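Novice: My structure is below; once you've seen it, I'll send some questions.
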Amino acid sequence: MSTARPVVLGLSCGILPPNPTSPLFKGKPLHYCEGSLGAAVARAGALPILLPALAEPAQLAALLDLVDGLVLSGGTDVSPQVYGEVALEPAWAGDPERDAYERALIAAALARRRPILGVCRGAQILNASLGGALYQDIRAQLPGALTHRDWDRYERNGHRVTIAADSWLAATLGAGEHAVNSVHHQAIRRVAPGLRCVAVAPDSVVEAVERVDAEQFLVGVQWHPEWQTADDPDDPNAASRGHAIFAAFVAAVVARRS
């Protein structure tokens with residue numbers, strides 16, 4: 001039996017504020033993970049650990065000493081305050097509590113040179129935290145854009161992206177066009193210094209960013225690879241590509257850990 005220590009990946013959590021009308025955990029805050037993400041990490045050979053949104057900054061940062069890499073999960077909007085703007089509509093005010101929590105995780109991961117993988121919102125908060133900016137709403141701010149979020153179709157909504165040849169993502173999935181799901185209404189408008197755009201949609205929306213060098217391993221994808229499944233009638237190879245991202249990330253974490 002192998003005695004090698006397993007790869008441990010910390011997953012950022014979603015935050016639900018106290019709900020005094022809920023019959024379950026009445027008036028208590030909830031820190032949660034959508035189950036597909038943890039399952040995808042486990043299938044890739046790592047142990048997923050949910051990182052709670054601790055109030056004490058030192059304790060929150062110390063969580064990164066316990067993991068080999070960080071996965072920033074999807075979820076609520078990023079507040080425009082993160083990139084120095086005000087909300088154009090009240091509905092786009094975002095989630096400042098979660099922003100502060102994840103920005104603290106990102107800072108701790110960068111200081112420890114832990115690899116980071118951002119998924120959907122995760123790509124957005126990574127980019128915004130490093131000095132980039134977002135479209136608060138694609139439909140309102142980018143006329144003629146594709147439908148990047150459709151409530152009824154949800155993860156069945158999708159489009160193709162073009163991946164740059166000289167990128168980690170291309171080494172993982174192959175350069176050129178690939179089908180992805182699309183469940184976001186915000187998107188990267190200005191890529192942060194130090195990151196580069198490595199995938200775009202046909203309407204020019206940024207779909208992936210990365211920095212992969214000797215100092216840092218940072219990758220963000222706008223789609224949800226954990227939701228790419230074998231039962232997708234429009235894309236029979238979706239599951240293998242979704243798994244490939246997590247498997248390659250785990251391999252990168254192992255290489256940098258050793």
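Lettering and numbering for the structure tokens are positional, with chains as A, B, ... in the shown order, residues counted from 1 in each chain, and ligands counted from 1 in the shown order.
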Go through stretch 53-257 of chain A and collect every residue that DSSP, computed from the backbone, puts in alpha helix (DSSP H); the answer should be as a PyMOL selection string.
Specialist: chain A and resi 57-62+96-111+121-129+138-141+168-173+238-257
Novice: Determine, for each residue of stretch 21-107 of chain A having at least one atom at most 10 Å from an atom of stretch 209-220 of chain A, the closest pair of atoms and their separation in Å to one decimal, counting only C-alpha atoms; order by chain and ascending number, as CSV.
Specialist:
```
residue,atom,partner,partner_atom,distance
A:Gly69,CA,A:Phe217,CA,9.6
A:Leu70,CA,A:Leu218,CA,9.7
A:Val71,CA,A:Gly220,CA,9.6
A:Leu72,CA,A:Gly220,CA,8.7
```
Novice: Restrict the selected residues to C-alpha atoms and save them as an mmCIF file, in the first residue's frame.
Specialist:
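Result saved to again03.cif:
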```
data_model
loop_
_atom_site.group_PDB
_atom_site.id
_atom_site.type_symbol
_atom_site.label_atom_id
_atom_site.label_comp_id
_atom_site.auth_asym_id
_atom_site.auth_seq_id
_atom_site.Cartn_x
_atom_site.Cartn_y
_atom_site.Cartn_z
ATOM 1 C CA GLY A 69 -3.665 23.998 -3.777
ATOM 2 C CA LEU A 70 -6.742 26.199 -3.853
ATOM 3 C CA VAL A 71 -9.901 25.811 -5.943
ATOM 4 C CA LEU A 72 -12.080 28.922 -6.121
#
```
Novice: So which residues of stretch 36-239 of chain A fall under strand (DSSP E or B) by DSSP, listed as a short mmCIF file (atom, residue, chain, number, x, y, z; two decimals) with C-alpha atoms, in the first residue's frame?
Specialist:
```cif
data_model
loop_
_atom_site.label_atom_id
_atom_site.label_comp_id
_atom_site.auth_asym_id
_atom_site.auth_seq_id
_atom_site.Cartn_x
_atom_site.Cartn_y
_atom_site.Cartn_z
CA ALA A 46 -7.16 14.62 -4.69
CA LEU A 47 -8.90 15.05 -1.35
CA PRO A 48 -11.25 18.07 -1.38
CA ILE A 49 -11.43 20.05 1.85
CA LEU A 50 -13.99 22.81 2.28
CA LEU A 51 -12.39 25.98 3.67
CA GLY A 69 -3.66 24.00 -3.78
CA LEU A 70 -6.74 26.20 -3.85
CA VAL A 71 -9.90 25.81 -5.94
CA LEU A 72 -12.08 28.92 -6.12
CA ILE A 116 -4.94 28.20 -7.79
CA LEU A 117 -7.73 27.02 -10.08
CA GLY A 118 -10.72 29.35 -10.42
CA VAL A 119 -14.06 28.10 -11.75
CA ALA A 133 -12.10 44.36 -13.98
CA LEU A 134 -15.39 42.71 -14.93
CA TYR A 135 -18.47 43.35 -16.97
CA GLY A 158 -23.21 26.74 -24.07
CA HIS A 159 -21.02 27.88 -26.91
CA ARG A 160 -17.57 27.25 -28.28
CA VAL A 161 -14.32 28.80 -27.09
CA THR A 162 -10.99 29.14 -28.87
CA ILE A 163 -7.98 28.18 -26.75
CA GLY A 176 -8.40 25.51 -31.02
CA GLU A 177 -12.16 25.27 -30.56
CA HIS A 178 -13.93 23.43 -27.77
CA ALA A 179 -17.53 23.33 -26.55
CA VAL A 180 -18.18 24.58 -23.02
CA ASN A 181 -21.19 25.28 -20.83
CA ALA A 187 -17.32 38.22 -17.25
CA ILE A 188 -13.76 39.50 -17.35
CA ARG A 189 -13.61 42.91 -19.05
CA ARG A 190 -9.96 43.80 -18.34
CA ARG A 196 -3.17 36.60 -19.83
CA CYS A 197 -6.26 35.67 -21.76
CA VAL A 198 -5.93 32.12 -23.12
CA ALA A 199 -9.49 31.42 -24.32
CA VAL A 200 -12.24 33.55 -25.85
CA VAL A 206 -12.74 36.21 -22.09
CA GLU A 207 -13.28 32.57 -21.14
CA ALA A 208 -9.98 31.66 -19.48
CA VAL A 209 -6.94 33.36 -17.97
CA GLU A 210 -3.71 31.99 -16.64
CA ARG A 211 -0.25 32.60 -15.29
CA VAL A 212 1.90 29.50 -15.26
CA PHE A 217 0.37 28.64 -11.08
CA LEU A 218 -2.89 30.53 -11.61
CA VAL A 219 -5.64 29.35 -13.95
CA GLY A 220 -9.23 30.53 -14.22
CA VAL A 221 -11.91 29.12 -16.52
#
```
Novice: Quick one: residues within 10 Å of A:His185, only C-alpha atoms, excluding same-chain residues fewer than 2 positions away - as a PyMOL selection string?
Specialist: chain A and resi 77+92+135-140+147-150+182-183+187
Novice: Tell me which of A:Tyr154, A:Tyr83, A:Phe249, A:Trp227 sits closest to A:Ile125, counting only C-alpha atoms.
Specialist: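 Answer, going by the shortest atom-to-atom distance: A:Tyr83.
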Novice: Determine the nearest neighbour of A:Arg156 from the options A:Ile106, A:Val205, A:Leu54, A:Ala238, counting only C-alpha atoms.
Specialist: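 Using only C-alpha atoms, the shortest distance to A:Arg156 belongs to A:Ala238.
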Novice: Could you list, as a count of residues only, every residue within 8 Å of A:Val78, counting only C-alpha atoms and ignoring same-chain residues fewer than 2 positions away?
Specialist: 11
Novice: Choose the residue, out of A:Pro225, A:Ala61, A:Leu126, A:Ile15, that has the smallest atom-to-atom separation from A:Val41; count only C-alpha atoms.
Specialist: A:Pro225
